[in-house]
$ cat start_28.pdb   # PDB, C-alpha atoms
ATOM      1  CA  MET C   1      11.269  12.775  44.556
ATOM      2  CA  ARG C   2       9.424  12.907  41.240
ATOM      3  CA  GLY C   3      12.309  11.056  39.558
ATOM      4  CA  LYS C   4      12.295   8.346  42.217
ATOM      5  CA  GLY C   5       8.533   7.970  41.921
ATOM      6  CA  LEU C   6       8.785   7.575  38.168
ATOM      7  CA  ALA C   7      11.544   4.985  38.600
ATOM      8  CA  LEU C   8       9.407   3.012  41.059
ATOM      9  CA  LEU C   9       6.460   3.202  38.683
ATOM     10  CA  CYS C  10       8.578   1.770  35.885
ATOM     11  CA  LEU C  11       9.461  -1.147  38.157
ATOM     12  CA  VAL C  12       5.805  -2.119  38.658
ATOM     13  CA  PRO C  13       5.484  -4.247  35.450
ATOM     14  CA  PHE C  14       8.692  -6.093  36.283
ATOM     15  CA  THR C  15       7.568  -6.643  39.882
ATOM     16  CA  LEU C  16       4.196  -8.037  38.782
ATOM     17  CA  PHE C  17       5.875 -10.261  36.194
ATOM     18  CA  TYR C  18       8.375 -11.515  38.780
ATOM     19  CA  ILE C  19       5.656 -12.278  41.332
ATOM     20  CA  ALA C  20       3.451 -14.032  38.760
ATOM     21  CA  PHE C  21       6.156 -16.242  37.228
ATOM     22  CA  GLN C  22       8.700 -16.638  40.027
ATOM     23  CA  VAL C  23       7.249 -16.114  43.496
ATOM     24  CA  ALA C  24       3.729 -17.490  42.995
ATOM     25  CA  PRO C  25       4.824 -20.804  41.357
ATOM     26  CA  LEU C  26       7.460 -21.314  44.042
ATOM     27  CA  VAL C  27       4.908 -20.733  46.811
ATOM     28  CA  TRP C  28       2.433 -23.104  45.094
ATOM     29  CA  ILE C  29       5.102 -25.799  44.772
ATOM     30  CA  ALA C  30       6.247 -25.356  48.377
ATOM     31  CA  ILE C  31       2.702 -25.683  49.739
ATOM     32  CA  HIS C  32       1.566 -28.604  47.584
ATOM     33  CA  SER C  33       4.778 -30.544  48.158
ATOM     34  CA  PHE C  34       3.402 -31.366  51.618
ATOM     35  CA  TYR C  35       0.204 -32.998  50.302
ATOM     36  CA  SER C  36       0.554 -36.691  49.549
ATOM     37  CA  GLU C  37      -1.750 -38.280  46.974
ATOM     38  CA  MET C  38      -0.929 -41.725  48.336
ATOM     39  CA  TYR C  39      -1.846 -40.960  51.943
ATOM     40  CA  GLU C  40      -4.415 -38.264  51.040
ATOM     41  CA  ALA C  41      -3.112 -36.123  53.864
ATOM     42  CA  TRP C  42      -0.813 -33.189  54.546
ATOM     43  CA  GLY C  43       2.605 -33.928  55.977
ATOM     44  CA  TRP C  44       6.095 -35.100  55.118
ATOM     45  CA  GLY C  45       4.917 -38.154  53.175
ATOM     46  CA  ASN C  46       6.267 -37.061  49.786
ATOM     47  CA  TYR C  47       9.669 -36.186  51.193
ATOM     48  CA  SER C  48       9.835 -39.416  53.146
ATOM     49  CA  ASP C  49       8.972 -41.447  50.045
ATOM     50  CA  ILE C  50      11.642 -39.653  48.004
ATOM     51  CA  LEU C  51      14.405 -40.000  50.586
ATOM     52  CA  THR C  52      13.641 -43.684  51.222
ATOM     53  CA  SER C  53      13.221 -44.591  47.553
ATOM     54  CA  THR C  54      16.247 -46.124  45.826
ATOM     55  CA  PHE C  55      14.892 -44.906  42.479
ATOM     56  CA  TYR C  56      14.682 -41.244  43.500
ATOM     57  CA  ARG C  57      17.992 -41.349  45.372
ATOM     58  CA  GLN C  58      19.581 -42.692  42.216
ATOM     59  CA  ALA C  59      18.101 -39.765  40.259
ATOM     60  CA  MET C  60      19.593 -37.341  42.788
ATOM     61  CA  ARG C  61      22.963 -39.060  42.637
ATOM     62  CA  PHE C  62      23.080 -39.089  38.836
ATOM     63  CA  SER C  63      22.003 -35.435  38.645
ATOM     64  CA  LEU C  64      24.689 -34.339  41.104
ATOM     65  CA  HIS C  65      27.355 -36.466  39.426
ATOM     66  CA  ILE C  66      26.686 -35.190  35.908
ATOM     67  CA  SER C  67      26.123 -31.589  37.017
ATOM     68  CA  PHE C  68      29.256 -31.481  39.154
ATOM     69  CA  TRP C  69      31.663 -32.921  36.604
ATOM     70  CA  SER C  70      30.215 -31.012  33.663
ATOM     71  CA  SER C  71      30.544 -27.812  35.725
ATOM     72  CA  VAL C  72      34.144 -28.652  36.648
ATOM     73  CA  TRP C  73      35.165 -29.386  33.057
ATOM     74  CA  GLY C  74      33.189 -26.434  31.775
ATOM     75  CA  LEU C  75      34.844 -24.118  34.311
ATOM     76  CA  LEU C  76      38.380 -25.326  33.534
ATOM     77  CA  ILE C  77      37.953 -25.025  29.768
ATOM     78  CA  ALA C  78      36.141 -21.687  30.151
ATOM     79  CA  LEU C  79      39.012 -20.415  32.311
ATOM     80  CA  ALA C  80      41.523 -21.208  29.572
ATOM     81  CA  GLY C  81      39.191 -19.870  26.869
ATOM     82  CA  GLY C  82      38.403 -16.645  28.726
ATOM     83  CA  TYR C  83      42.087 -15.982  29.376
ATOM     84  CA  SER C  84      42.921 -16.608  25.709
ATOM     85  CA  LEU C  85      40.178 -14.230  24.586
ATOM     86  CA  HIS C  86      41.411 -11.611  27.012
ATOM     87  CA  GLN C  87      44.957 -11.946  25.695
ATOM     88  CA  LEU C  88      43.720 -11.403  22.141
ATOM     89  CA  GLY C  89      42.502  -7.923  23.058
ATOM     90  CA  GLY C  90      40.421  -6.153  20.433
ATOM     91  CA  GLY C  91      40.394  -6.988  16.766
ATOM     92  CA  ARG C  92      38.403  -8.873  14.204
ATOM     93  CA  LEU C  93      39.286 -12.348  15.538
ATOM     94  CA  HIS C  94      38.326 -11.328  19.067
ATOM     95  CA  ARG C  95      34.954  -9.990  17.946
ATOM     96  CA  PHE C  96      34.304 -13.138  15.902
ATOM     97  CA  LEU C  97      35.111 -15.437  18.817
ATOM     98  CA  MET C  98      32.932 -13.433  21.214
ATOM     99  CA  SER C  99      30.034 -13.551  18.736
ATOM    100  CA  PHE C 100      30.568 -17.289  18.287
ATOM    101  CA  THR C 101      30.594 -17.797  22.063
ATOM    102  CA  ASN C 102      27.352 -15.842  22.437
ATOM    103  CA  MET C 103      25.749 -17.961  19.720
ATOM    104  CA  THR C 104      26.891 -21.307  21.125
ATOM    105  CA  SER C 105      25.763 -20.363  24.641
ATOM    106  CA  ASN C 106      22.189 -20.479  23.299
ATOM    107  CA  PHE C 107      22.715 -23.704  21.350
ATOM    108  CA  ALA C 108      21.024 -26.231  23.629
ATOM    109  CA  GLY C 109      17.904 -28.331  23.857
ATOM    110  CA  VAL C 110      16.705 -30.433  20.928
ATOM    111  CA  PRO C 111      19.147 -29.008  18.297
ATOM    112  CA  LEU C 112      22.122 -29.798  20.548
ATOM    113  CA  ALA C 113      20.880 -33.331  21.210
ATOM    114  CA  PHE C 114      20.341 -33.905  17.477
ATOM    115  CA  ALA C 115      23.848 -32.614  16.689
ATOM    116  CA  PHE C 116      25.445 -34.965  19.205
ATOM    117  CA  VAL C 117      23.435 -37.945  17.933
ATOM    118  CA  ILE C 118      24.735 -37.253  14.411
ATOM    119  CA  LEU C 119      28.322 -36.851  15.614
ATOM    120  CA  LEU C 120      28.729 -39.168  18.599
ATOM    121  CA  GLY C 121      25.658 -41.414  18.587
ATOM    122  CA  LEU C 122      25.913 -45.173  18.190
ATOM    123  CA  ASN C 123      26.071 -44.674  14.407
ATOM    124  CA  GLY C 124      27.422 -41.116  14.437
ATOM    125  CA  CYS C 125      30.049 -40.118  11.902
ATOM    126  CA  VAL C 126      32.748 -39.420  14.498
ATOM    127  CA  THR C 127      31.906 -42.627  16.378
ATOM    128  CA  LEU C 128      32.195 -44.767  13.241
ATOM    129  CA  LEU C 129      35.509 -43.133  12.309
ATOM    130  CA  MET C 130      36.893 -43.696  15.805
ATOM    131  CA  HIS C 131      35.758 -47.321  15.799
ATOM    132  CA  LYS C 132      37.341 -47.848  12.402
ATOM    133  CA  TYR C 133      40.758 -46.714  13.612
ATOM    134  CA  GLY C 134      40.408 -48.260  17.064
ATOM    135  CA  LEU C 135      40.477 -44.947  18.932
ATOM    136  CA  MET C 136      37.138 -45.084  20.775
ATOM    137  CA  GLN C 137      35.692 -48.492  21.546
ATOM    138  CA  THR C 138      33.826 -48.017  24.826
ATOM    139  CA  PHE C 139      32.340 -44.504  24.578
ATOM    140  CA  ASN C 140      28.540 -44.389  24.815
ATOM    141  CA  LEU C 141      26.775 -41.070  24.294
ATOM    142  CA  TYR C 142      23.739 -42.261  26.269
ATOM    143  CA  SER C 143      25.728 -43.144  29.398
ATOM    144  CA  ALA C 144      26.681 -40.875  32.283
ATOM    145  CA  ASP C 145      30.059 -40.111  30.689
ATOM    146  CA  GLY C 146      28.383 -39.247  27.391
ATOM    147  CA  LEU C 147      25.945 -36.926  29.130
ATOM    148  CA  ILE C 148      28.835 -35.185  30.892
ATOM    149  CA  VAL C 149      30.308 -34.446  27.459
ATOM    150  CA  VAL C 150      26.978 -33.067  26.217
ATOM    151  CA  TYR C 151      26.426 -30.962  29.330
ATOM    152  CA  SER C 152      29.991 -29.642  29.188
ATOM    153  CA  TRP C 153      29.339 -28.380  25.662
ATOM    154  CA  PHE C 154      26.707 -25.866  26.739
ATOM    155  CA  GLN C 155      28.541 -25.111  29.998
ATOM    156  CA  ILE C 156      31.735 -23.926  28.284
ATOM    157  CA  PRO C 157      30.401 -20.873  26.366
ATOM    158  CA  LEU C 158      28.333 -19.772  29.363
ATOM    159  CA  GLY C 159      31.414 -20.056  31.576
ATOM    160  CA  ILE C 160      33.489 -18.026  29.113
ATOM    161  CA  LEU C 161      30.907 -15.240  29.031
ATOM    162  CA  LEU C 162      30.820 -15.143  32.831
ATOM    163  CA  LEU C 163      34.585 -15.336  33.379
ATOM    164  CA  TYR C 164      35.793 -13.094  30.568
ATOM    165  CA  PRO C 165      35.060  -9.764  32.363
ATOM    166  CA  ALA C 166      36.897 -11.001  35.467
ATOM    167  CA  PHE C 167      40.237 -10.979  33.640
ATOM    168  CA  ASP C 168      40.005  -7.195  33.421
ATOM    169  CA  GLY C 169      40.834  -7.223  37.130
ATOM    170  CA  LEU C 170      44.293  -8.639  36.399
ATOM    171  CA  LYS C 171      46.807  -5.937  35.544
ATOM    172  CA  LYS C 172      49.852  -6.634  33.418
ATOM    173  CA  GLU C 173      51.970  -4.645  35.868
ATOM    174  CA  TRP C 174      51.368  -7.294  38.537
ATOM    175  CA  GLN C 175      52.756 -10.076  36.378
ATOM    176  CA  GLU C 176      55.708  -7.919  35.356
ATOM    177  CA  SER C 177      56.420  -7.008  38.968
ATOM    178  CA  ALA C 178      56.197 -10.660  39.993
ATOM    179  CA  ALA C 179      58.617 -11.609  37.200
ATOM    180  CA  LEU C 180      61.097  -8.925  38.315
ATOM    181  CA  LEU C 181      60.980 -10.373  41.818
ATOM    182  CA  GLY C 182      61.829 -13.816  40.454
ATOM    183  CA  ALA C 183      58.354 -15.381  40.399
ATOM    184  CA  GLY C 184      57.607 -17.692  37.489
ATOM    185  CA  ARG C 185      54.300 -17.970  35.680
ATOM    186  CA  TRP C 186      53.102 -20.793  37.953
ATOM    187  CA  HIS C 187      53.883 -18.820  41.119
ATOM    188  CA  TYR C 188      52.184 -15.738  39.701
ATOM    189  CA  TRP C 189      48.939 -17.629  39.007
ATOM    190  CA  ARG C 190      49.077 -19.513  42.284
ATOM    191  CA  HIS C 191      49.690 -16.550  44.574
ATOM    192  CA  ILE C 192      48.214 -13.601  42.627
ATOM    193  CA  GLY C 193      46.087 -14.522  39.605
ATOM    194  CA  LEU C 194      43.893 -17.313  40.953
ATOM    195  CA  PRO C 195      43.257 -15.687  44.390
ATOM    196  CA  ILE C 196      42.041 -12.539  42.610
ATOM    197  CA  LEU C 197      39.891 -14.590  40.222
ATOM    198  CA  SER C 198      38.573 -16.907  42.953
ATOM    199  CA  PRO C 199      35.308 -14.962  43.600
ATOM    200  CA  ALA C 200      34.491 -15.045  39.875
ATOM    201  CA  LEU C 201      35.457 -18.727  39.657
ATOM    202  CA  LEU C 202      33.255 -19.660  42.600
ATOM    203  CA  GLY C 203      30.326 -17.636  41.313
ATOM    204  CA  THR C 204      30.648 -19.100  37.823
ATOM    205  CA  PHE C 205      30.827 -22.634  39.198
ATOM    206  CA  VAL C 206      27.610 -22.154  41.179
ATOM    207  CA  ILE C 207      25.818 -20.759  38.109
ATOM    208  CA  LEU C 208      27.058 -23.651  35.951
ATOM    209  CA  LEU C 209      25.957 -26.142  38.585
ATOM    210  CA  ALA C 210      22.484 -24.612  38.743
ATOM    211  CA  ASN C 211      22.327 -24.555  34.942
ATOM    212  CA  ALA C 212      23.161 -28.263  34.741
ATOM    213  CA  LEU C 213      20.855 -29.322  37.581
ATOM    214  CA  GLY C 214      17.875 -27.687  35.884
ATOM    215  CA  ALA C 215      18.624 -28.803  32.311
ATOM    216  CA  TYR C 216      15.768 -30.836  30.842
ATOM    217  CA  ALA C 217      15.210 -30.383  27.083
ATOM    218  CA  THR C 218      18.614 -31.706  25.998
ATOM    219  CA  ILE C 219      18.568 -34.800  28.199
ATOM    220  CA  TYR C 220      14.969 -35.624  27.291
ATOM    221  CA  ALA C 221      15.577 -35.234  23.560
ATOM    222  CA  LEU C 222      18.743 -37.323  23.795
ATOM    223  CA  THR C 223      17.434 -40.199  25.917
ATOM    224  CA  THR C 224      13.620 -39.756  25.532
ATOM    225  CA  GLY C 225      13.394 -39.690  29.319
ATOM    226  CA  ASN C 226      15.053 -43.080  29.862
ATOM    227  CA  PHE C 227      17.959 -41.728  31.911
ATOM    228  CA  ASN C 228      17.129 -41.285  35.580
ATOM    229  CA  LEU C 229      17.676 -37.605  36.405
ATOM    230  CA  VAL C 230      15.674 -35.346  38.709
ATOM    231  CA  PRO C 231      14.301 -32.981  35.987
ATOM    232  CA  VAL C 232      13.183 -36.016  33.971
ATOM    233  CA  ARG C 233      11.427 -37.481  37.008
ATOM    234  CA  ILE C 234       9.704 -34.172  37.781
ATOM    235  CA  ALA C 235       8.461 -33.899  34.193
ATOM    236  CA  ALA C 236       7.201 -37.492  34.267
ATOM    237  CA  LEU C 237       5.265 -36.861  37.488
ATOM    238  CA  VAL C 238       3.743 -33.640  36.155
ATOM    239  CA  SER C 239       2.902 -34.798  32.623
ATOM    240  CA  GLY C 240       1.614 -38.190  33.732
ATOM    241  CA  ASP C 241       3.731 -40.285  31.369
ATOM    242  CA  ILE C 242       4.002 -42.946  34.077
ATOM    243  CA  SER C 243       1.801 -41.738  36.897
ATOM    244  CA  LEU C 244       0.332 -38.300  37.474
ATOM    245  CA  ASP C 245       1.464 -36.970  40.847
ATOM    246  CA  PRO C 246       2.299 -33.257  40.667
ATOM    247  CA  ASN C 247       2.622 -33.042  44.442
ATOM    248  CA  MET C 248       5.445 -35.580  44.416
ATOM    249  CA  GLY C 249       7.006 -33.591  41.575
ATOM    250  CA  SER C 250       6.686 -30.465  43.733
ATOM    251  CA  ALA C 251       8.556 -32.212  46.548
ATOM    252  CA  LEU C 252      11.344 -33.197  44.139
ATOM    253  CA  ALA C 253      11.511 -29.610  42.888
ATOM    254  CA  MET C 254      11.725 -28.281  46.447
ATOM    255  CA  LEU C 255      14.599 -30.649  47.190
ATOM    256  CA  LEU C 256      16.406 -29.165  44.185
ATOM    257  CA  VAL C 257      15.677 -25.677  45.528
ATOM    258  CA  LEU C 258      17.020 -26.614  48.974
ATOM    259  CA  LEU C 259      20.086 -28.157  47.371
ATOM    260  CA  MET C 260      20.785 -24.956  45.437
ATOM    261  CA  VAL C 261      20.230 -22.871  48.590
ATOM    262  CA  ALA C 262      22.792 -25.031  50.419
ATOM    263  CA  ILE C 263      25.281 -24.690  47.545
ATOM    264  CA  THR C 264      24.737 -20.926  47.470
ATOM    265  CA  LEU C 265      25.344 -20.631  51.223
ATOM    266  CA  VAL C 266      28.580 -22.593  50.890
ATOM    267  CA  HIS C 267      29.514 -20.354  47.960
ATOM    268  CA  GLN C 268      28.914 -17.216  50.026
ATOM    269  CA  TRP C 269      31.019 -18.614  52.861
ATOM    270  CA  LEU C 270      33.887 -19.471  50.500
ATOM    271  CA  LEU C 271      33.502 -16.057  48.881
ATOM    272  CA  ARG C 272      33.974 -14.294  52.205
ATOM    273  CA  ARG C 273      37.006 -16.476  52.902
ATOM    274  CA  SER C 274      38.502 -15.613  49.505
ATOM    275  CA  TYR C 275      37.960 -11.882  50.077
ATOM    276  CA  GLN C 276      39.601 -12.136  53.499
ATOM    277  CA  TYR C 277      42.498 -14.067  51.991
ATOM    278  CA  ALA C 278      42.906 -11.525  49.194
ATOM    279  CA  GLY C 279      42.814  -8.719  51.762
ATOM    280  CA  ARG C 280      45.564 -10.346  53.830
ATOM    281  CA  ARG C 281      47.648 -10.963  50.685
ATOM    282  CA  SER C 282      47.333  -7.318  49.637
TER     283      SER C 282
END
$ encode --input "start_28.pdb" --output "structure tokens"
Amino acid sequence: MRGKGLALLCLVPFTLFYIAFQVAPLVWIAIHSFYSEMYEAWGWGNYSDILTSTFYRQAMRFSLHISFWSSVWGLLIALAGGYSLHQLGGGRLHRFLMSFTNMTSNFAGVPLAFAFVILLGLNGCVTLLMHKYGLMQTFNLYSADGLIVVYSWFQIPLGILLLYPAFDGLKKEWQESAALLGAGRWHYWRHIGLPILSPALLGTFVILLANALGAYATIYALTTGNFNLVPVRIAALVSGDISLDPNMGSALAMLLVLLMVAITLVHQWLLRRSYQYAGRRS
């Protein structure tokens, strides 16, 4: 009992920190999202204005489009990268690549935007070389496709770090047994490897999607807030660059929260299905 009491006491600072910086801001945002500055009344005015506004719907659509495709590309490349790292086993090269992945997973925000401007901006070195040899004539870093490339960059190392431990669940004996029974590599991954990895893949995809939906520093530094995304719109409403309306920003933030809750519920449902499928296969 004394050990449990000491453990609970040690959790008090974390609990207070969590309430102060996670629960309290969320409660404040949820409450104030129902107060409309325009109508000077409590109600659904902010949500109605957002859902009926072409401008805000466009921000939602762009955010979902860029977040979804950057998460898909990040997951696919991270799957190949995590498997390659796992195949390397221990050794100096493996340790170097893991250290490099940890470093690049934190390379985001203003430094990442500056790096991409130098490389792939309108006058970037790679862009000028590609234009010179006629290899890249239509690519624009400041378009939706360009932002997908930028987002995918910081999604890949995070995906590798999340997926790499999952490959420990694949045993070499399974692949050898499948090969002895006449199954090729494609059949092994289709019927054994990917079903076993599916919970980790789904969980990683949801985390990457949340990471992309909430990204702000990189997109703002790259486009100075001129690209219509939800985090940019929230920041503009809170900072007052165009018009100060934190309650409208709170409503936008709550819509993002509800969107992530819906995605998480779908993820949990798919996760249960994958576990049931894996159980039937075993």
$ closest_residue --input "start_28.pdb" --among "C:Val150, C:Met103, C:Ala113, C:Leu120" --to "Gly74 in chain C" --atoms "only C-alpha atoms"
C:Val150
$ resolve_selection --input "start_28.pdb" --expression "the PyMOL selection byres ((chain C and resi 72) around 10)" --output "JSON, numbers by chain"
{"C": [66, 67, 68, 69, 70, 71, 73, 74, 75, 76, 77, 78, 152, 155, 156, 205, 208, 209]}
$ residues_around --input "start_28.pdb" --residues "range 215-217 of chain C" --least-positions-apart "2" --cutoff "8 Å" --atoms "only C-alpha atoms" --output "PyMOL selection string"
chain C and resi 108-110+211-213+219-221+231-232
$ closest_residue --input "start_28.pdb" --among "C:Phe107, C:Trp189, C:Tyr133, C:Tyr142" --to "Leu158 in chain C" --atoms "all atoms listed in the file"
C:Phe107
$ closest_residue --input "start_28.pdb" --among "C:Gly90, C:Tyr83, C:Leu163, C:Leu237" --to "Gly225 in chain C" --atoms "only C-alpha atoms"
C:Leu237
$ closest_residue --input "start_28.pdb" --among "C:Met98, C:Gly249, C:Leu147, C:Gly45" --to "His86 in chain C" --atoms "only C-alpha atoms"
C:Met98
$ atom_distance --input "start_28.pdb" --atom1 "CA of Thr224 in chain C" --atom2 "CA of Leu128 in chain C"
22.8 Å
$ atom_distance --input "start_28.pdb" --atom1 "CA of Ala253 in chain C" --atom2 "CA of Tyr39 in chain C"
19.7 Å
$ closest_residue --input "start_28.pdb" --among "C:Leu135, C:Ile192, C:Met248, C:Leu64" --to "Met260 in chain C" --atoms "only C-alpha atoms"
C:Leu64
$ atom_distance --input "start_28.pdb" --atom1 "CA of Phe55 in chain C" --atom2 "CA of Phe139 in chain C"
25.0 Å
$ closest_residue --input "start_28.pdb" --among "C:Gly82, C:Asn226, C:Met136, C:Arg233" --to "Tyr164 in chain C" --atoms "only C-alpha atoms"
C:Gly82
$ residues_around --input "start_28.pdb" --residues "range 46-54 of chain C" --least-positions-apart "4" --cutoff "8 Å" --atoms "only C-alpha atoms" --output "MDAnalysis selection string"
chainID C and resid 33:36 58 247:248 251:252
$ axis_aligned_box --input "start_28.pdb" --around "range 86-105 of chain C" --padding-each-side "3 Å" --output "lines of an AutoDock Vina configuration file"
center_x = 35.4
center_y = -13.7
center_z = 20.6
size_x = 25.2
size_y = 21.2
size_z = 18.8
$ resolve_selection --input "start_28.pdb" --expression "the PyMOL selection byres ((chain C and resi 174) around 12)" --output "ChimeraX atom specification"
/C:169-173,175-181,183,185,188-189,191-193,196,282
$ resolve_selection --input "start_28.pdb" --expression "the PyMOL selection byres ((chain C and resi 199) around 12)" --output "PyMOL selection string"
chain C and resi 162-163+166-167+169+193-198+200-206+267-278
$ build_atoms --input "start_28.pdb" --residues "range 153-180 of chain C" --atoms "N, CA and C atoms" --output "PDB file, keeping the file's coordinate frame"
ATOM      1  N   TRP C 153      29.373 -29.202  26.877  1.00  0.00           N
ATOM      2  CA  TRP C 153      29.339 -28.380  25.662  1.00  0.00           C
ATOM      3  C   TRP C 153      28.607 -27.068  25.899  1.00  0.00           C
ATOM      4  N   PHE C 154      27.427 -27.125  26.540  1.00  0.00           N
ATOM      5  CA  PHE C 154      26.707 -25.866  26.739  1.00  0.00           C
ATOM      6  C   PHE C 154      27.139 -25.153  28.023  1.00  0.00           C
ATOM      7  N   GLN C 155      27.989 -25.803  28.841  1.00  0.00           N
ATOM      8  CA  GLN C 155      28.541 -25.111  29.998  1.00  0.00           C
ATOM      9  C   GLN C 155      29.719 -24.215  29.618  1.00  0.00           C
ATOM     10  N   ILE C 156      30.499 -24.643  28.632  1.00  0.00           N
ATOM     11  CA  ILE C 156      31.735 -23.926  28.284  1.00  0.00           C
ATOM     12  C   ILE C 156      31.464 -22.498  27.813  1.00  0.00           C
ATOM     13  N   PRO C 157      30.606 -22.272  26.801  1.00  0.00           N
ATOM     14  CA  PRO C 157      30.401 -20.873  26.366  1.00  0.00           C
ATOM     15  C   PRO C 157      29.794 -19.987  27.450  1.00  0.00           C
ATOM     16  N   LEU C 158      28.893 -20.559  28.268  1.00  0.00           N
ATOM     17  CA  LEU C 158      28.333 -19.772  29.363  1.00  0.00           C
ATOM     18  C   LEU C 158      29.423 -19.400  30.360  1.00  0.00           C
ATOM     19  N   GLY C 159      30.313 -20.351  30.666  1.00  0.00           N
ATOM     20  CA  GLY C 159      31.414 -20.056  31.576  1.00  0.00           C
ATOM     21  C   GLY C 159      32.355 -18.995  31.027  1.00  0.00           C
ATOM     22  N   ILE C 160      32.618 -19.038  29.716  1.00  0.00           N
ATOM     23  CA  ILE C 160      33.489 -18.026  29.113  1.00  0.00           C
ATOM     24  C   ILE C 160      32.865 -16.643  29.223  1.00  0.00           C
ATOM     25  N   LEU C 161      31.579 -16.539  28.948  1.00  0.00           N
ATOM     26  CA  LEU C 161      30.907 -15.240  29.031  1.00  0.00           C
ATOM     27  C   LEU C 161      30.903 -14.703  30.450  1.00  0.00           C
ATOM     28  N   LEU C 162      30.833 -15.591  31.444  1.00  0.00           N
ATOM     29  CA  LEU C 162      30.820 -15.143  32.831  1.00  0.00           C
ATOM     30  C   LEU C 162      32.213 -14.809  33.348  1.00  0.00           C
ATOM     31  N   LEU C 163      33.235 -15.533  32.863  1.00  0.00           N
ATOM     32  CA  LEU C 163      34.585 -15.336  33.379  1.00  0.00           C
ATOM     33  C   LEU C 163      35.358 -14.251  32.643  1.00  0.00           C
ATOM     34  N   TYR C 164      35.006 -14.029  31.386  1.00  0.00           N
ATOM     35  CA  TYR C 164      35.793 -13.094  30.568  1.00  0.00           C
ATOM     36  C   TYR C 164      35.938 -11.712  31.209  1.00  0.00           C
ATOM     37  N   PRO C 165      34.867 -11.102  31.751  1.00  0.00           N
ATOM     38  CA  PRO C 165      35.060  -9.764  32.363  1.00  0.00           C
ATOM     39  C   PRO C 165      35.970  -9.788  33.578  1.00  0.00           C
ATOM     40  N   ALA C 166      36.087 -10.958  34.254  1.00  0.00           N
ATOM     41  CA  ALA C 166      36.897 -11.001  35.467  1.00  0.00           C
ATOM     42  C   ALA C 166      38.377 -10.805  35.178  1.00  0.00           C
ATOM     43  N   PHE C 167      38.818 -11.130  33.965  1.00  0.00           N
ATOM     44  CA  PHE C 167      40.237 -10.979  33.640  1.00  0.00           C
ATOM     45  C   PHE C 167      40.648  -9.512  33.523  1.00  0.00           C
ATOM     46  N   ASP C 168      39.671  -8.618  33.417  1.00  0.00           N
ATOM     47  CA  ASP C 168      40.005  -7.195  33.421  1.00  0.00           C
ATOM     48  C   ASP C 168      40.569  -6.748  34.764  1.00  0.00           C
ATOM     49  N   GLY C 169      40.293  -7.554  35.819  1.00  0.00           N
ATOM     50  CA  GLY C 169      40.834  -7.223  37.130  1.00  0.00           C
ATOM     51  C   GLY C 169      42.301  -7.559  37.300  1.00  0.00           C
ATOM     52  N   LEU C 170      42.870  -8.305  36.348  1.00  0.00           N
ATOM     53  CA  LEU C 170      44.293  -8.639  36.399  1.00  0.00           C
ATOM     54  C   LEU C 170      45.079  -7.611  35.586  1.00  0.00           C
ATOM     55  N   LYS C 171      45.999  -6.947  36.218  1.00  0.00           N
ATOM     56  CA  LYS C 171      46.807  -5.937  35.544  1.00  0.00           C
ATOM     57  C   LYS C 171      48.144  -6.536  35.114  1.00  0.00           C
ATOM     58  N   LYS C 172      48.584  -6.129  33.933  1.00  0.00           N
ATOM     59  CA  LYS C 172      49.852  -6.634  33.418  1.00  0.00           C
ATOM     60  C   LYS C 172      51.023  -6.250  34.315  1.00  0.00           C
ATOM     61  N   GLU C 173      50.883  -5.102  35.002  1.00  0.00           N
ATOM     62  CA  GLU C 173      51.970  -4.645  35.868  1.00  0.00           C
ATOM     63  C   GLU C 173      52.242  -5.634  36.992  1.00  0.00           C
ATOM     64  N   TRP C 174      51.185  -6.329  37.457  1.00  0.00           N
ATOM     65  CA  TRP C 174      51.368  -7.294  38.537  1.00  0.00           C
ATOM     66  C   TRP C 174      52.235  -8.461  38.089  1.00  0.00           C
ATOM     67  N   GLN C 175      51.951  -8.968  36.889  1.00  0.00           N
ATOM     68  CA  GLN C 175      52.756 -10.076  36.378  1.00  0.00           C
ATOM     69  C   GLN C 175      54.191  -9.634  36.115  1.00  0.00           C
ATOM     70  N   GLU C 176      54.362  -8.423  35.602  1.00  0.00           N
ATOM     71  CA  GLU C 176      55.708  -7.919  35.356  1.00  0.00           C
ATOM     72  C   GLU C 176      56.464  -7.721  36.666  1.00  0.00           C
ATOM     73  N   SER C 177      55.771  -7.203  37.671  1.00  0.00           N
ATOM     74  CA  SER C 177      56.420  -7.008  38.968  1.00  0.00           C
ATOM     75  C   SER C 177      56.797  -8.342  39.591  1.00  0.00           C
ATOM     76  N   ALA C 178      55.899  -9.330  39.458  1.00  0.00           N
ATOM     77  CA  ALA C 178      56.197 -10.660  39.993  1.00  0.00           C
ATOM     78  C   ALA C 178      57.394 -11.272  39.273  1.00  0.00           C
ATOM     79  N   ALA C 179      57.495 -11.071  37.958  1.00  0.00           N
ATOM     80  CA  ALA C 179      58.617 -11.609  37.200  1.00  0.00           C
ATOM     81  C   ALA C 179      59.929 -10.940  37.618  1.00  0.00           C
ATOM     82  N   LEU C 180      59.893  -9.629  37.878  1.00  0.00           N
ATOM     83  CA  LEU C 180      61.097  -8.925  38.315  1.00  0.00           C
ATOM     84  C   LEU C 180      61.572  -9.415  39.677  1.00  0.00           C
TER      85      LEU C 180
END
